[in-house]
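S.K.: Have a look at this one.
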Number of protein chains: 6
Amino acid sequence: MTGNVVCLGEVLLRLSAPGKELLLQSARLECHTGGAEANVAVGLSKLGHRTAMVSVLPNNGLGQAAAAELRRHGVGTESIQWRDGRMGLYFLTHGAGPRPAEVLYDRAGSAFAAAPADTFKWRDLLKGAAWLHVSGITPAVSEAGAELAFQAMIAARAAGVSISFDCNFRSRLWGDRSPAAPRLLSGLCELATLIFGEQRDIDFMLGTTGSGNDLAKRQRQAADRAFAAFGNLQWLAHTDRTRTSADVQELSATIHARDRSFTTRTHPLLGIVDRMGAGDAFAAGVLHGLIEGLPLPATADYGVAAACLKHTIPGDFNLVGPGDVDLFLSDARTDVRR
Amino acid sequence: MTGNVVCLGEVLLRLSAPGKELLLQSARLECHTGGAEANVAVGLSKLGHRTAMVSVLPNNGLGQAAAAELRRHGVGTESIQWRDGRMGLYFLTHGAGPRPAEVLYDRAGSAFAAAPADTFKWRDLLKGAAWLHVSGITPAVSEAGAELAFQAMIAARAAGVSISFDCNFRSRLWGDRSPAAPRLLSGLCELATLIFGEQRDIDFMLGTTGSGNDLAKRQRQAADRAFAAFGNLQWLAHTDRTRTSADVQELSATIHARDRSFTTRTHPLLGIVDRMGAGDAFAAGVLHGLIEGLPLPATADYGVAAACLKHTIPGDFNLVGPGDVDLFLSDARTDVRR
Amino acid sequence: MTGNVVCLGEVLLRLSAPGKELLLQSARLECHTGGAEANVAVGLSKLGHRTAMVSVLPNNGLGQAAAAELRRHGVGTESIQWRDGRMGLYFLTHGAGPRPAEVLYDRAGSAFAAAPADTFKWRDLLKGAAWLHVSGITPAVSEAGAELAFQAMIAARAAGVSISFDCNFRSRLWGDRSPAAPRLLSGLCELATLIFGEQRDIDFMLGTTGSGNDLAKRQRQAADRAFAAFGNLQWLAHTDRTRTSADVQELSATIHARDRSFTTRTHPLLGIVDRMGAGDAFAAGVLHGLIEGLPLPATADYGVAAACLKHTIPGDFNLVGPGDVDLFLSDARTDVRR
Amino acid sequence: MTGNVVCLGEVLLRLSAPGKELLLQSARLECHTGGAEANVAVGLSKLGHRTAMVSVLPNNGLGQAAAAELRRHGVGTESIQWRDGRMGLYFLTHGAGPRPAEVLYDRAGSAFAAAPADTFKWRDLLKGAAWLHVSGITPAVSEAGAELAFQAMIAARAAGVSISFDCNFRSRLWGDRSPAAPRLLSGLCELATLIFGEQRDIDFMLGTTGSGNDLAKRQRQAADRAFAAFGNLQWLAHTDRTRTSADVQELSATIHARDRSFTTRTHPLLGIVDRMGAGDAFAAGVLHGLIEGLPLPATADYGVAAACLKHTIPGDFNLVGPGDVDLFLSDARTDVRR
Amino acid sequence: MTGNVVCLGEVLLRLSAPGKELLLQSARLECHTGGAEANVAVGLSKLGHRTAMVSVLPNNGLGQAAAAELRRHGVGTESIQWRDGRMGLYFLTHGAGPRPAEVLYDRAGSAFAAAPADTFKWRDLLKGAAWLHVSGITPAVSEAGAELAFQAMIAARAAGVSISFDCNFRSRLWGDRSPAAPRLLSGLCELATLIFGEQRDIDFMLGTTGSGNDLAKRQRQAADRAFAAFGNLQWLAHTDRTRTSADVQELSATIHARDRSFTTRTHPLLGIVDRMGAGDAFAAGVLHGLIEGLPLPATADYGVAAACLKHTIPGDFNLVGPGDVDLFLSDARTDVRR
Amino acid sequence: MTGNVVCLGEVLLRLSAPGKELLLQSARLECHTGGAEANVAVGLSKLGHRTAMVSVLPNNGLGQAAAAELRRHGVGTESIQWRDGRMGLYFLTHGAGPRPAEVLYDRAGSAFAAAPADTFKWRDLLKGAAWLHVSGITPAVSEAGAELAFQAMIAARAAGVSISFDCNFRSRLWGDRSPAAPRLLSGLCELATLIFGEQRDIDFMLGTTGSGNDLAKRQRQAADRAFAAFGNLQWLAHTDRTRTSADVQELSATIHARDRSFTTRTHPLLGIVDRMGAGDAFAAGVLHGLIEGLPLPATADYGVAAACLKHTIPGDFNLVGPGDVDLFLSDARTDVRR
């Protein structure tokens with residue numbers, strides 16, 4: 001076991017229509033545990049890393065089930081705080097062919113969103129950690145969430161813990177608080193060692209505008225703007241997705257350092273099983289590469305491999321292990337593993 | 001088709017663990033539509049009455065599915081208002097043997113609870129109606145809910161529409177607003193023609209105390225207090241339940257008029273399938289008897305028969321028809337209907 | 001393997017609502033293969049006897065699936081004739097507590113009902129057989145069915161094959177042809193060695209009336225009438241069922257010979273899983289006893305044991321083996337067989 | 001809500017093997033409600049139109065469930081007649097890869113097929129209607145069905161209601177009555193305002209023969225023959241399907257007016273979920289365009305969009321709303337709708 | 001969190017027929033993790049204790065899933081050794097009414113059974129532990145298993161860790177090694193502080209014979225023999241079960257100290273959901289009482305309450321918490337917990 | 001019915017994760033019966049041939065269920081020997097997109113592997129047979145298995161029964177016995193009339209090495225080596241598979257005679273449902289062609305058609321009939337079979 005990653009964020013229950021049905025077309029829902037940062041924690045745990053989830057959950061059957069599911073996949077749940085309030089939910093209708101998937105959030109007023117900024121004792125929680133992972137969803141859910149994120153990242157920087165930040169900008173979550181988003185997100189980015197984001201995220205935070213038809217050049221120029229703006233930033237990473245249908249897509253990934261960029265080859269995604277959590281699987285893969293000291297190109301490959309494999313796993317969590325990633329990257333085109 | 005009943009209240013989605021599993025023991029939830037007043041509307045519709053649901057639902061896939069389910073069972077949904085907000089949910093773990101069922105409410109902040117008091121044009125909605133049915137849950141969910149209930153009942157009285165009110169007191173729903181509950185509930189009861197409630201409800205509203213070991217006498221004395229306090233009241237009805245286990249219970253029912261009371265015989269409930277909504281099934285059965293002009297004893301029998309049969313139907317709705325009730329009351333002990 | 005029993009009758013597909021749901025309450029149906037005589041054939045096969053089904057099935061996916069299911073349980077299907085026409089179906093809603101089960105037949109116009117009387121070459125089919133089993137359903141489905149039954153039983157008698165006949169009178173199946181039922185059924189009974197039926201069946205066929213409060217005496221007197229009327233009759237057998245609810249019942253059985261009657265003790269049926277096919281399981285158990293040369297009391301016990309155990313098996317078929325029956329009759333009250 | 005469409009036809013229950021299983025490979029069937037005209041009614045209802053189903057159903061649990069399902073999706077069921085008889089069924093095995101889907105009809109002798117020609121009071125039923133939709137299946141099921149169709153269409157023409165007719169020629173349904181099919185179908189077409197059909201249908205009805213390798217020209221020439229033969233005809237519409245496998249196909253559509261034709265672009269169908277009802281979804285989309293007064297090219301696009309989206313929805317009904325169609329036509333290639 | 005219990009034993013996967021079906025009657029199996037000692041570990045974890053599982057699992061998908069399931073319920077899995085070999089399985093057919101449940105073991109040759117005696121470093125594993133729990137199944141599975149059990153218990157005694165031992169004698173598991181069973185089991189009992197067993201177990205180990213019709217006296221006399229034979233023994237505990245059917249039973253429990261015995265009242269078990277693991281739930285309840293320092297009668301009550309509640313939970317694990325036990329013991333007969 | 005094929009081999013139960021889930025991701029397993037030779041037996045039975053399975057099964061619920069499943073599909077099970085021991089199992093995780101399927105064998109120590117060489121009376125079993133089918137899995141499971149295979153094939157040759165042998169080399173099954181594999185397999189091949197195998201199998205057995213980039217030439221040269229080495233060999237057949245993903249592949253097949261080779265065209269496999277058993281489906285198709293006396297090219301086409309269709313059927317068995325194969329080969333691109 002290598003590394004030691006602490007993830008801060010809300011844990012959600014995802015309730016999805018079975019198979020390709022519309023929401024409540026039949027009287028059944030499938031349940032999975034998710035949440036962007038929990039997905040990263042599980043992804044890293046499955047890749048062999050010691051991880052801990054820092055979150056707030058309601059002290060009822062739903063919250064306990066979500067924590068149990070994290071524990072099942074090897075994520076430490078000792079730092080979870082149990083409070084009154086409701087469980088954050090989201091309802092998912094899977095996409096099919098030309099019909100895109102649809103997410104209906106029902107997370108307002110959750111125990112996590114209502115948690116005060118001093119909920120966690122960060123000095124204790126970060127003891128022995130190598131990385132802290134936070135996402136832009138936490139500042140989006142509430143003012144207190146923004147404060148939580150800042151306190152965590154400031155404590156990490158003080159403790160010499162590297163910081164991974166996934167922008168994850170979703171305007172619907174910010175709602176009325178959208179005007180504050182650029183300021184808050186860029187404030188957090190100033191503390192980050194590694195940012196998951198692309199040109200649109202960067203320009204949104206910095207108020208800049210990228211242009212030009214050459215996507216790679218546009219992304220690199222945005223990366224330059226990010227490196228200029230964010231003093232602690234060492235790496236910027238993102239995927240590029242081409243969508244033919246809900247089931248047939250393509251994925252590549254790029255990692256930017258201050259002085260160079262690497263883009264993986266483009267992988268076809270045929271027969272997608274579950275597209276949710278692929279970005280978080282990518283984040284886990286990249287963190288794995290950085291923790292293990294892989295070269296940047298290998299790190300990008302590891303990230304995109306993890307992301308591609310995630311599309312084959314039902315649920316938000318990426319449950320593949322290092323053997324699966326290695327097999328994917330070996331290009332072996334294995335028929336059946338016996 | 002006889003009668004014409006308008007039901008006001010929140011429509012809920014119930015998400016339940018399959019079979020006898022604990023909540024989220026496996027990764028599946030079964031979905032049913034419910035809500036005390038919706039249950040009454042469906043129960044009456046199945047017994048052959050024209051019913052309409054007056055409610056507020058969120059304009060998303062969950063709200064639309066709930067309305068569709070009401071329509072499926074013949075309840076009019078034209079008066080439902082579509083607004084922003086979330087769907088009221090509740091999570092159910094079925095009981096088994098000595099382990100009682102468990103309900104986890106997640107209905108705070110719903111579109112219904114947030115609806116302003118002037119949401120509905122009652123004069124139009126009550127046109128042609130014979131009965132309005134309201135429950136004590138509506139004033140419990142919010143201040144606006146209390147206002148909604150009063151406006152509906154005042155309009156009904158003005159229009160000569162009889163009023164059915166189910167006390168349905170649940171302290172957890174009232175929360176901080178509990179101190180206002182007796183005043184609000186008894187205010188509503190003053191407008192009611194028919195009240196579903198028993199000694200505890202009445203004494204809670206009136207601040208009185210019933211005593212004595214003879215249950216029947218205690219109930220009748222409470223009824224006398226209710227008839228004294230509530231000037232429009234013609235009938236008071238309730239069931240009595242004896243619980244051996246989650247699966248084995250007994251049920252009887254009583255209807256009080258100002259001058260007399262009738263208690264049915266006690267029916268064994270063996271192999272209970274789903275206990276939720278039995279009280280609402282009773283209410284529908286009693287309303288059926290009153291609408292059809294059945295004698296009071298037959299009305300009480302009809303109500304308890306509907307309630308007993310509800311225990312055999314999965315979900316909150318009582319889907320039995322008049323033929324099922326008649327067969328139950330005939331004591332035929334039919335083996336298999338071919 | 002002992003004995004050799006040929007069963008003539010229609011094979012049906014049963015489509016049932018899952019668990020305790022009402023028909024099409026959810027969008028799923030469970031499928032089982034059934035039919036009174038097929039149930040007897042499977043029951044005997046599981047008890048170790050060589051059995052063959054003589055029937056007509058439509059040559060499509062439904063008919064083939066039904067035959068495959070018989071084969072799965074060891075019943076010979078070589079004598080089944082494949083013809084145009086539809087598959088006989090029935091829809092089942094399981095009972096629960098005070099709500100009795102409900103059967104909706106959809107078997108009119110089936111390939112079996114339309115089969116001409118000369119469909120089968122009985123001399124070949126009965127070669128080596130010890131028993132032929134027929135039921136009163138076959139003459140009920142069509143005029144041709146009545147002719148089929150007569151031809152089979154006449155051929156059996158000519159070949160020295162014992163004949164088992166289950167009256168199975170169901171007025172809904174006879175429909176317009178009801179007036180002919182007594183004549184046809186008693187005609188068949190004249191050929192039978194063993195009849196499954198009780199006082200009501202006998203009096204219906206003979207136009208007689210049994211009376212008196214002593215059930216046992218009434219049954220014996222009816223048996224006497226049957227033995228007088230039906231010259232080939234050696235045994236008459238039936239069960240007696242007391243029904244508390246759909247899940248809690250009691251069962252005993254009686255076998256009458258010309259000169260004596262034996263009644264088993266009464267067995268409680270707690271937690272009934274599936275009540276369909278219990279009569280056919282009894283018939284198979286009695287036939288087993290007669291084939292194996294058990295004394296009459298042991299034969300009655302074997303029959304009622306098979307019938308009781310059938311109530312614990314989902315579907316129409318009784319899938320228990322001799323070990324299960326022996327354990328039942330040993331009164332061992334085994335906790336868990338390990 | 002715009003428009004007002006009355007649909008006449010048989011409502012069927014579809015019983016399908018789960019997933020990609022063969023029929024009765026496992027012991028479960030999934031149930032959906034369908035029938036060509038019911039599919040059109042639901043499709044239009046979901047697109048925002050007021051629709052009513054005119055049909056005959058058996059007065060049992062199956063018929064009631066089918067009507068409830070129509071009501072669930074907003075279709076008026078007040079005009080359905082309840083009669084003795086059986087429910088029309090069909091069994092479906094989904095296709096997979098090179099194995100095409102398979103339909104086994106079991107609808108002979110249904111309550112609808114047996115309904116007398118004077119079952120409906122058309123003057124009342126068509127009051128306020130803008131369109132009547134009928135298909136060629138109704139004259140196929142029985143002589144009485146043909147009479148029903150004619151009476152409905154004659155009454156519609158008298159009342160100034162536009163008539164939509166879907167040829168839907170299926171020789172297996174006509175059976176012995178096939179020789180009468182061209183005469184009956186063309187008689188109905190003479191009354192129609194809008195016909196869904198293509199060259200093969202037209203030539204079958206008119207006894208003519210289309211030829212030539214240019215499909216578009218052949219279709220236009222057939223359209224010319226149809227416009228010449230059918231005096232009330234204003235529009236003729238059809239789809240063209242290319243089939244690579246059961247899961248991968250292509251679809252385009254054409255609408256012909258007397259003086260011009262429009263063909264949409266060809267849409268790939270990748271990962272088909274359920275191919276049944278796609279033609280009916282197309283009909284609903286085209287009717288929507290005509291009712292809303294869209295230009296013909298936009299009408300054709302709307303129809304083919306509805307048809308393409310139907311392939312992503314389990315069951316026979318097309319449950320997509322206007323927002324889904326607009327998103328499809330916008331070419332947005334949305335990843336996940338949040 | 002109080003106490004610290006280490007459990008040694010094999011972890012099994014249980015594959016069970018769904019509902020009341022016979023094994024492989026349908027093509028589905030439900031999976032649960034079990035094993036006598038794992039059941040105790042989970043039961044204690046749910047009651048709030050820190051527990052750790054010491055076992056050997058195969059390093060494949062099955063072994064990893066079993067460990068994950070333990071972790072999900074809060075049991076420490078760090079001490080599990082991963083080796084080559086197969087996963088121990090058992091197949092379960094649930095009982096129903098008069099048909100008892102049936103267990104088919106398939107655990108021969110498992111990774112656990114093949115583990116060498118020096119697999120674990122007991123000094124480290126027992127650090128900080130208050131109790132070690134072992135059962136008689138471990139010496140039964142193999143000679144090495146017997147050695148494992150002795151080494152663990154000797155190390156515990158040396159470290160001052162109390163020892164709980166559940167006799168769990170099952171002759172089928174001992175097979176050829178049965179003659180050695182009394183010697184090995186009594187050798188282990190000599191080291192035990194607490195034994196779960198009753199007269200039959202004790203007499204089997206000691207070669208003695210209990211007699212007399214008074215069950216309580218017979219049990220106490222056997223307890224006296226055990227206290228005489230086993231020098232470290234402080235408590236002996238067992239349940240008494242009366243079986244009416246697979247679904248309806250009764251349970252009481254007794255704890256013997258050297259100088260006194262306490263028997264709980266007898267609890268009815270109506271509507272049993274899953275009988276497996278009830279004995280292990282009892283063990284966990286008794287250990288909870290002893291760890292928490294409850295008086296012996298309260299300890300016996302706690303144990304029998306846990307055992308009764310286990311009958312309501314699907315699977316081998318007892319997932320109830322202290323609140324459930326307290327509610328059970330309060331005799332509240334709660335209807336629905338809201 | 002033509003031909004008469006006896007298949008010798010182990011029958012396995014396959015336990016697979018539902019849909020695209022990882023093994024035990026949820027708590028359910030789907031069960032299918034399989035085993036290479038059983039797959040061939042069922043495939044041939046479905047194509048209209050009389051087949052019999054010769055095997056050893058444990059006399060418990062699992063073994064009986066496996067035999068019942070063979071019988072369901074028309075395979076004779078009278079020759080199966082029932083012995084003590086365990087059932088051979090394998091666990092399957094389906095592949096998805098870039099993630100290949102994974103098989104976990106759990107068949108060591110099965111009743112079949114432990115069967116003594118003289119278990120079967122081959123002279124009787126082969127009476128009337130035209131072909132014996134054996135695979136290289138049987139000699140791999142145990143020394144006794146190798147002996148079984150030799151005895152069967154020697155008896156077949158003596159009786160003039162043609163012998164089909166599928167190399168099916170899987171190193172994991174041979175384990176420690178791998179060094180003996182070439183000798184044993186080539187010994188069996190010397191007796192075979194028809195071998196299923198390709199260059200790698202042949203070179204493994206003969207210790208030779210094929211080379212060159214032209215796959216067809218390399219295969220033909222290996223075939224020449226096989227014909228030279230194996231004196232009874234008349235035909236050598238194999239498929240060639242190209243794998244884009246778990247769901248998208250291509251398949252062609254080749255049959256070599258001593259003097260000529262035929263290769264079919266390459267068929268795309270889109271939307272693969274279940275890849276297991278495709279090789280056995282090919283074997284059954286080729287045997288069908290040889291038994292029916294089809295020309296070699298048609299035989300190869302029949303084999304590859306059967307193999308392609310197998311990819312559309314859940315489970316190991318190929319359940320398609322001759323009509324399905326004919327439709328596939330007709331290139332009809334049928335939309336829906338009605």
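Ordering of the structure tokens sets the chain letters (A, B, ...), residue numbers begin anew at 1 in every chain, and ligands are numbered from 1 in the order given.
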Give the strand (DSSP E or B) residues of region 232-306 of chain A, as assigned by DSSP on the backbone, as a PyMOL selection string.
M.R.: chain A and resi 235-243+248-257+261-263+267-270
S.K.: Select residues of chain C: the criterion is any atom within 7 Å of an atom of chain D, counting only C-alpha atoms; output as a ChimeraX atom specification.
M.R.: /C:23-24,27-32,61,65,86,106
S.K.: Restricting the output to all heavy atoms, write the selected residues as a PDB file, in the first residue's frame.
M.R.:
```
ATOM      1  N   LEU C  23     -52.944  -8.665 -10.001  1.00  0.00           N
ATOM      2  CA  LEU C  23     -52.589  -8.940 -11.393  1.00  0.00           C
ATOM      3  C   LEU C  23     -52.193  -7.652 -12.124  1.00  0.00           C
ATOM      4  O   LEU C  23     -52.963  -6.696 -12.172  1.00  0.00           O
ATOM      5  CB  LEU C  23     -53.790  -9.595 -12.090  1.00  0.00           C
ATOM      6  CG  LEU C  23     -53.516 -10.179 -13.478  1.00  0.00           C
ATOM      7  CD1 LEU C  23     -52.434 -11.223 -13.434  1.00  0.00           C
ATOM      8  CD2 LEU C  23     -54.795 -10.771 -14.051  1.00  0.00           C
ATOM      9  N   LEU C  24     -50.994  -7.648 -12.664  1.00  0.00           N
ATOM     10  CA  LEU C  24     -50.437  -6.508 -13.408  1.00  0.00           C
ATOM     11  C   LEU C  24     -50.321  -5.250 -12.556  1.00  0.00           C
ATOM     12  O   LEU C  24     -50.237  -4.140 -13.097  1.00  0.00           O
ATOM     13  CB  LEU C  24     -51.232  -6.245 -14.685  1.00  0.00           C
ATOM     14  CG  LEU C  24     -51.062  -7.350 -15.732  1.00  0.00           C
ATOM     15  CD1 LEU C  24     -51.774  -6.983 -17.019  1.00  0.00           C
ATOM     16  CD2 LEU C  24     -49.589  -7.599 -16.011  1.00  0.00           C
ATOM     17  N   ALA C  27     -45.283  -4.602 -13.659  1.00  0.00           N
ATOM     18  CA  ALA C  27     -45.238  -4.986 -15.076  1.00  0.00           C
ATOM     19  C   ALA C  27     -44.571  -6.334 -15.295  1.00  0.00           C
ATOM     20  O   ALA C  27     -43.968  -6.555 -16.332  1.00  0.00           O
ATOM     21  CB  ALA C  27     -44.534  -3.894 -15.860  1.00  0.00           C
ATOM     22  N   ARG C  28     -44.678  -7.233 -14.326  1.00  0.00           N
ATOM     23  CA  ARG C  28     -44.031  -8.516 -14.455  1.00  0.00           C
ATOM     24  C   ARG C  28     -44.969  -9.669 -14.188  1.00  0.00           C
ATOM     25  O   ARG C  28     -45.830  -9.576 -13.327  1.00  0.00           O
ATOM     26  CB  ARG C  28     -42.903  -8.604 -13.427  1.00  0.00           C
ATOM     27  CG  ARG C  28     -41.575  -8.763 -14.116  1.00  0.00           C
ATOM     28  CD  ARG C  28     -40.481  -8.527 -13.139  1.00  0.00           C
ATOM     29  NE  ARG C  28     -39.618  -7.508 -13.683  1.00  0.00           N
ATOM     30  CZ  ARG C  28     -38.307  -7.519 -13.512  1.00  0.00           C
ATOM     31  NH1 ARG C  28     -37.757  -8.428 -12.769  1.00  0.00           N
ATOM     32  NH2 ARG C  28     -37.569  -6.594 -14.052  1.00  0.00           N
ATOM     33  N   LEU C  29     -44.772 -10.752 -14.896  1.00  0.00           N
ATOM     34  CA  LEU C  29     -45.513 -11.978 -14.634  1.00  0.00           C
ATOM     35  C   LEU C  29     -44.518 -13.108 -14.460  1.00  0.00           C
ATOM     36  O   LEU C  29     -43.521 -13.180 -15.180  1.00  0.00           O
ATOM     37  CB  LEU C  29     -46.455 -12.308 -15.793  1.00  0.00           C
ATOM     38  CG  LEU C  29     -47.651 -11.376 -15.953  1.00  0.00           C
ATOM     39  CD1 LEU C  29     -48.381 -11.682 -17.259  1.00  0.00           C
ATOM     40  CD2 LEU C  29     -48.623 -11.522 -14.778  1.00  0.00           C
ATOM     41  N   GLU C  30     -44.783 -13.982 -13.515  1.00  0.00           N
ATOM     42  CA  GLU C  30     -43.983 -15.190 -13.361  1.00  0.00           C
ATOM     43  C   GLU C  30     -44.680 -16.321 -14.098  1.00  0.00           C
ATOM     44  O   GLU C  30     -45.902 -16.393 -14.122  1.00  0.00           O
ATOM     45  CB  GLU C  30     -43.823 -15.515 -11.877  1.00  0.00           C
ATOM     46  CG  GLU C  30     -43.082 -14.395 -11.158  1.00  0.00           C
ATOM     47  CD  GLU C  30     -42.864 -14.662  -9.689  1.00  0.00           C
ATOM     48  OE1 GLU C  30     -43.461 -15.618  -9.163  1.00  0.00           O
ATOM     49  OE2 GLU C  30     -42.093 -13.908  -9.077  1.00  0.00           O
ATOM     50  N   CYS C  31     -43.908 -17.183 -14.717  1.00  0.00           N
ATOM     51  CA  CYS C  31     -44.475 -18.246 -15.539  1.00  0.00           C
ATOM     52  C   CYS C  31     -44.194 -19.602 -14.949  1.00  0.00           C
ATOM     53  O   CYS C  31     -43.061 -19.892 -14.578  1.00  0.00           O
ATOM     54  CB  CYS C  31     -43.837 -18.220 -16.924  1.00  0.00           C
ATOM     55  SG  CYS C  31     -44.054 -16.670 -17.730  1.00  0.00           S
ATOM     56  N   HIS C  32     -45.207 -20.413 -14.871  1.00  0.00           N
ATOM     57  CA  HIS C  32     -45.028 -21.808 -14.489  1.00  0.00           C
ATOM     58  C   HIS C  32     -45.849 -22.651 -15.450  1.00  0.00           C
ATOM     59  O   HIS C  32     -46.860 -22.196 -15.984  1.00  0.00           O
ATOM     60  CB  HIS C  32     -45.502 -22.060 -13.055  1.00  0.00           C
ATOM     61  CG  HIS C  32     -44.643 -21.413 -12.023  1.00  0.00           C
ATOM     62  ND1 HIS C  32     -44.827 -20.120 -11.603  1.00  0.00           N
ATOM     63  CD2 HIS C  32     -43.569 -21.873 -11.321  1.00  0.00           C
ATOM     64  CE1 HIS C  32     -43.915 -19.826 -10.695  1.00  0.00           C
ATOM     65  NE2 HIS C  32     -43.145 -20.848 -10.501  1.00  0.00           N
ATOM     66  N   GLY C  61     -43.168 -21.212 -29.596  1.00  0.00           N
ATOM     67  CA  GLY C  61     -42.267 -21.069 -28.454  1.00  0.00           C
ATOM     68  C   GLY C  61     -42.929 -21.372 -27.124  1.00  0.00           C
ATOM     69  O   GLY C  61     -42.263 -21.846 -26.196  1.00  0.00           O
ATOM     70  N   ALA C  65     -41.828 -24.582 -24.819  1.00  0.00           N
ATOM     71  CA  ALA C  65     -41.340 -24.317 -23.472  1.00  0.00           C
ATOM     72  C   ALA C  65     -42.080 -25.158 -22.444  1.00  0.00           C
ATOM     73  O   ALA C  65     -41.486 -25.635 -21.465  1.00  0.00           O
ATOM     74  CB  ALA C  65     -41.484 -22.826 -23.140  1.00  0.00           C
ATOM     75  N   ARG C  86     -53.572 -22.140 -30.357  1.00  0.00           N
ATOM     76  CA  ARG C  86     -52.956 -21.342 -29.319  1.00  0.00           C
ATOM     77  C   ARG C  86     -52.683 -22.166 -28.061  1.00  0.00           C
ATOM     78  O   ARG C  86     -53.200 -23.264 -27.895  1.00  0.00           O
ATOM     79  CB  ARG C  86     -53.814 -20.107 -28.972  1.00  0.00           C
ATOM     80  CG  ARG C  86     -55.197 -20.395 -28.432  1.00  0.00           C
ATOM     81  CD  ARG C  86     -55.956 -19.083 -28.190  1.00  0.00           C
ATOM     82  NE  ARG C  86     -55.293 -18.285 -27.193  1.00  0.00           N
ATOM     83  CZ  ARG C  86     -55.583 -18.292 -25.871  1.00  0.00           C
ATOM     84  NH1 ARG C  86     -56.565 -19.051 -25.408  1.00  0.00           N
ATOM     85  NH2 ARG C  86     -54.929 -17.563 -25.025  1.00  0.00           N
ATOM     86  N   ASP C 106     -57.714 -18.383 -19.580  1.00  0.00           N
ATOM     87  CA  ASP C 106     -57.660 -17.907 -20.966  1.00  0.00           C
ATOM     88  C   ASP C 106     -57.234 -19.093 -21.824  1.00  0.00           C
ATOM     89  O   ASP C 106     -56.165 -19.100 -22.424  1.00  0.00           O
ATOM     90  CB  ASP C 106     -56.673 -16.733 -21.079  1.00  0.00           C
ATOM     91  CG  ASP C 106     -56.636 -16.162 -22.483  1.00  0.00           C
ATOM     92  OD1 ASP C 106     -57.581 -16.406 -23.247  1.00  0.00           O
ATOM     93  OD2 ASP C 106     -55.637 -15.495 -22.828  1.00  0.00           O
TER      94      ASP C 106
END
```
S.K.: Need the shell around region 189-206 of chain D: protein/DNA/RNA residues with any atom at most 6 Å away, counting only C-alpha atoms. Skip same-chain ones fewer than 4 positions apart. Format as a list of chain:residue names?
M.R.: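 Using only C-alpha atoms, the neighbours found are D:Ser162, D:Ile163, D:Ser164, D:Phe165, D:Asp166, D:Cys167, D:Pro182, D:Gln219, D:Ala222, D:Phe230, D:Asn232, D:Leu233, D:Gln234, D:Trp235, D:Leu236, D:Ala237, D:His238.
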S.K.: Could you list, as a list in words, every residue within 9 Å of Thr138 (chain D), counting only C-alpha atoms and ignoring same-chain residues fewer than 4 positions away?
M.R.: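 Neighbouring residues, sequence-local ones excluded: Leu8, Gly9, Glu10, Ala113, Val134, Ser142, Ala144, Gly145, Ala146, Leu148 and Ala149 of chain D.
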